[in-house]
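**Student:** The structure follows.
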Amino acid sequence: MASVDIRDVRKSFGSTAIIHGVSVPIADGEFVVLVGPSGCGKSTLLRMIAGLENITGGEIAIGDRVVNNVPPKERDIAMVFQNYALYPHMTVADNMGFSLKLRKAPQSEIDAKVKRAAEILNLGALLDRFPRQLSGGQRQRVAMGRAIVRDPQVFLFDEPLSNLDAKLRVAMRTEIKELHQRLKTTTVYVTHDQIEAMTMADKIVVMHDGIVEQMGAPLDLYDNPVNLFVAGFIGSPAMNFLRGKIDGQFFVLEGGARLPLGTPPSASAGQPAIYGIRPEHFLIDNEAGAEAEVVVVEPTGSEIQVVARLDGQEVIAVFRERHDFKPGDKIRLGTDRRVTHLFDAQSGKTLARQ
Amino acid sequence: MADAAVARTEARPMPGEPSAWQQLKVNRNWLGFWFMVPAMAFLVLFLVYPLGKGLWMSFTDARIGREGRFVGLENFEWLSDDSDFIRALIFTIVFTFVASAVKFAIGLYLALLLNNNLPFKAFVRSVVLIPFIVPTVLSAVAFWWIFDTQFSVITWGLVKMGLIDRGSPINWMGDPFMAQCVVIFANIWRGIPFIAITLLAGLQTVSPSLYEAATLDGATRWQNFRYVTYPLLTPIIAVVMTFSVLFTFTDFQLIWAMTRGGPVNATHLMATLSYQRGILGGNLGEGAAIAISMVPFLLAAIMFSWFGLQRRKWQQGESND
């Protein structure tokens, strides 16, 4: 196992710059998730760690060794691909043992290691099958088995769950996390799914347009996003953003509705800003709440999602308790003032509080 | 009236159990058969009939202008003693074997080369196809000139390099062995594009992530080829080599345009010998017998690939476990 240090890494394809200086320290044994929308450079960054892409600028170190010019096979990393990249003409056992075979390990050692990995992943009964004879989830596990067998310094995962159906994805998420807790191998995991990021990571790195927007522990990012992008990307349903002005203890929407602010911001009163509130932090407040009109009601069983028009802007509110709302109903929405967010209208950065 | 109506209902088969004639009209499998009939008729007319006719003629002493008498295996008995035929048979086998092997080796090499990111990739790929699109006779004439004893560019080049003497040029097309080499060379030149382009198509179906996975697993370039590319390419190699062997074994045009089987019958393939004896010589029965003698070899090649082509276990789906 080893730490991975990404220092001011840049990547250009020809004259097109994809990654503009990214620095991410990854501690030994840490599970780091790179998350961001398509085209943000997260997969490219992962492939640079693997050595499948050249590094245009900056340094990547695995352990103490800078690996910029080290060929992939000497980096001692294992990667799980989005399409699994299993060798179709080899059995499960041969797929898992291929790297050892190339290293000319004795057959007894290969068998033992493959057997151990198969036990960890519950693949024992499938060792003689070919990839075509496996289901998506089983292929996924074989791909992980191939990585485990090598006992590498670092595991790299490139959107490994995106080809699975929703239910299996949840199950495999847990399995991967369990595996990491068991093996404690440094892991870098790329996904565009913020739920995967939130549930699995020790540390999330939110990327956007080739830069790191924010990195930190999942709940830290959830509670204290540094800008509009991170606030909107992390969390589902996404945070509501409302335009308006700061007025002391309150935030005044464009139509005049007033929402409470927690600690007042250090910005001056009257400054245009964006008010951020997560759907679950709305509450029904029949005395002081702002009036809103119900547009759509979506019960999910454990909660109800209500799309409402508040002061001309659509917001989503989520209630744990059951309300019998109908479209067109007038409700009064208040907010939990301790968990409101404020962003600068121009820069999108979070406004400092007093 | 009532009885008649009842009788009529009884005569009609129960719904769900259509009569045999009805089945011929509505049953899925029969319907499929009917749709195949026109194509089958076409095949019978243009493939089975000529083959059958050829087979029949090989058992007769037919000549041009004379309906043959059945003579049994006499034609074949004659041929087994005919040194020209034996020579053509051996040369056909050598020709097929050498040309196919070299075509495969070079074709595979070219395919691997073209599968890389070359500059002007599309242009280079189309250049590779040139030997394939030049009409055979035209390229044969070109080779004829290239290997002309006196005026050939090769002789000129060798003389300029001082490797041979102007006075004693290599008799490319006049020497039996040399002529054999030249026609094999020409066949190879023409056949490479087919193999290279087909194998290239096969290579492009291999997912690049397999190579990436193998590279991370520690494979060198050679190991990438040996353990990933080659096994994944075997099904298409089997197909393309079957076709290549069939085309090479039955080659006619190139030989006929370049040497007409000469010198001293050294470059006769079975196809050219059959034509010479059957059409030019007028001995239709004997010509047919030579052509029919090719069939067992072609069948062997087809059987070989039939078994070679059987889907490998890794290509099979779950149900064939």
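Quick note on naming: the chains in the structure tokens go A, B, ... in the order shown, residues restart at 1 in each chain, and ligands are numbered from 1 in order of appearance.
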So which residues touch Pro152 of chain A within 9 Å, counting only C-alpha atoms, skipping near sequence neighbours fewer than 2 positions away, as a list in words?
**Tutor:** Met1, Arg75, Asp76, Ile77, Ala78, Ala147, Ile148, Val149, Arg150, Val154, Phe155 and Thr185 of chain A
**Student:** List as a list in words the protein and nucleic acid residues near Gly261 of chain B, meaning an atom at most 9 Å away when only C-alpha atoms are counted, but skip any in the same chain fewer than 5 places from it.
**Tutor:**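 The neighbour list is Ala88, Ile255, Trp256, Ala266, Thr267, His268, Leu269, Thr272, Leu273 and Gln276 of chain B.
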**Student:** Within 9 Å of chain B, which residues of chain A show up? Give each one with its shortest atom-to-atom distance in Å (one decimal) and the two atoms involved, counting only C-alpha atoms, rows by chain then rising residue number, as JSON lines.
**Tutor:**
```
{"residue": "A:Ala50", "atom": "CA", "partner": "B:Leu216", "partner_atom": "CA", "distance": 7.7}
{"residue": "A:Gly51", "atom": "CA", "partner": "B:Leu216", "partner_atom": "CA", "distance": 8.5}
{"residue": "A:Leu52", "atom": "CA", "partner": "B:Glu212", "partner_atom": "CA", "distance": 7.2}
{"residue": "A:Pro71", "atom": "CA", "partner": "B:Leu216", "partner_atom": "CA", "distance": 8.9}
{"residue": "A:Pro72", "atom": "CA", "partner": "B:Leu216", "partner_atom": "CA", "distance": 5.6}
{"residue": "A:Lys73", "atom": "CA", "partner": "B:Gly218", "partner_atom": "CA", "distance": 4.6}
{"residue": "A:Glu74", "atom": "CA", "partner": "B:Gly218", "partner_atom": "CA", "distance": 7.6}
{"residue": "A:Arg75", "atom": "CA", "partner": "B:Leu216", "partner_atom": "CA", "distance": 8.6}
{"residue": "A:Asp76", "atom": "CA", "partner": "B:Leu216", "partner_atom": "CA", "distance": 8.3}
{"residue": "A:Ile77", "atom": "CA", "partner": "B:Leu216", "partner_atom": "CA", "distance": 7.4}
{"residue": "A:Ala78", "atom": "CA", "partner": "B:Leu216", "partner_atom": "CA", "distance": 6.7}
{"residue": "A:Met79", "atom": "CA", "partner": "B:Ala213", "partner_atom": "CA", "distance": 7.4}
{"residue": "A:Val80", "atom": "CA", "partner": "B:Ala213", "partner_atom": "CA", "distance": 8.4}
{"residue": "A:Phe81", "atom": "CA", "partner": "B:Ser209", "partner_atom": "CA", "distance": 7.6}
{"residue": "A:Asn83", "atom": "CA", "partner": "B:Ser209", "partner_atom": "CA", "distance": 8.1}
{"residue": "A:Tyr84", "atom": "CA", "partner": "B:Ser209", "partner_atom": "CA", "distance": 8.5}
{"residue": "A:Ala85", "atom": "CA", "partner": "B:Leu210", "partner_atom": "CA", "distance": 5.1}
{"residue": "A:Leu86", "atom": "CA", "partner": "B:Leu210", "partner_atom": "CA", "distance": 6.9}
{"residue": "A:Tyr87", "atom": "CA", "partner": "B:Leu210", "partner_atom": "CA", "distance": 6.7}
{"residue": "A:Pro88", "atom": "CA", "partner": "B:Trp314", "partner_atom": "CA", "distance": 6.3}
{"residue": "A:His89", "atom": "CA", "partner": "B:Trp314", "partner_atom": "CA", "distance": 5.1}
{"residue": "A:Met90", "atom": "CA", "partner": "B:Trp314", "partner_atom": "CA", "distance": 7.2}
{"residue": "A:Thr91", "atom": "CA", "partner": "B:Trp314", "partner_atom": "CA", "distance": 7.9}
{"residue": "A:Phe98", "atom": "CA", "partner": "B:Asp217", "partner_atom": "CA", "distance": 7.1}
{"residue": "A:Ser99", "atom": "CA", "partner": "B:Asp217", "partner_atom": "CA", "distance": 4.6}
{"residue": "A:Leu100", "atom": "CA", "partner": "B:Asp217", "partner_atom": "CA", "distance": 8.1}
{"residue": "A:Leu102", "atom": "CA", "partner": "B:Ala219", "partner_atom": "CA", "distance": 6.5}
{"residue": "A:Arg103", "atom": "CA", "partner": "B:Gly218", "partner_atom": "CA", "distance": 7.4}
{"residue": "A:Arg129", "atom": "CA", "partner": "B:Asp321", "partner_atom": "CA", "distance": 8.2}
{"residue": "A:Phe130", "atom": "CA", "partner": "B:Trp314", "partner_atom": "CA", "distance": 5.6}
{"residue": "A:Pro131", "atom": "CA", "partner": "B:Trp314", "partner_atom": "CA", "distance": 7.6}
{"residue": "A:Arg132", "atom": "CA", "partner": "B:Gly317", "partner_atom": "CA", "distance": 5.7}
{"residue": "A:Gln133", "atom": "CA", "partner": "B:Glu318", "partner_atom": "CA", "distance": 4.3}
{"residue": "A:Leu134", "atom": "CA", "partner": "B:Glu318", "partner_atom": "CA", "distance": 7.3}
{"residue": "A:Arg146", "atom": "CA", "partner": "B:Asp217", "partner_atom": "CA", "distance": 8.9}
{"residue": "A:Ala147", "atom": "CA", "partner": "B:Asp217", "partner_atom": "CA", "distance": 8.9}
{"residue": "A:Arg150", "atom": "CA", "partner": "B:Asp217", "partner_atom": "CA", "distance": 8.4}
```
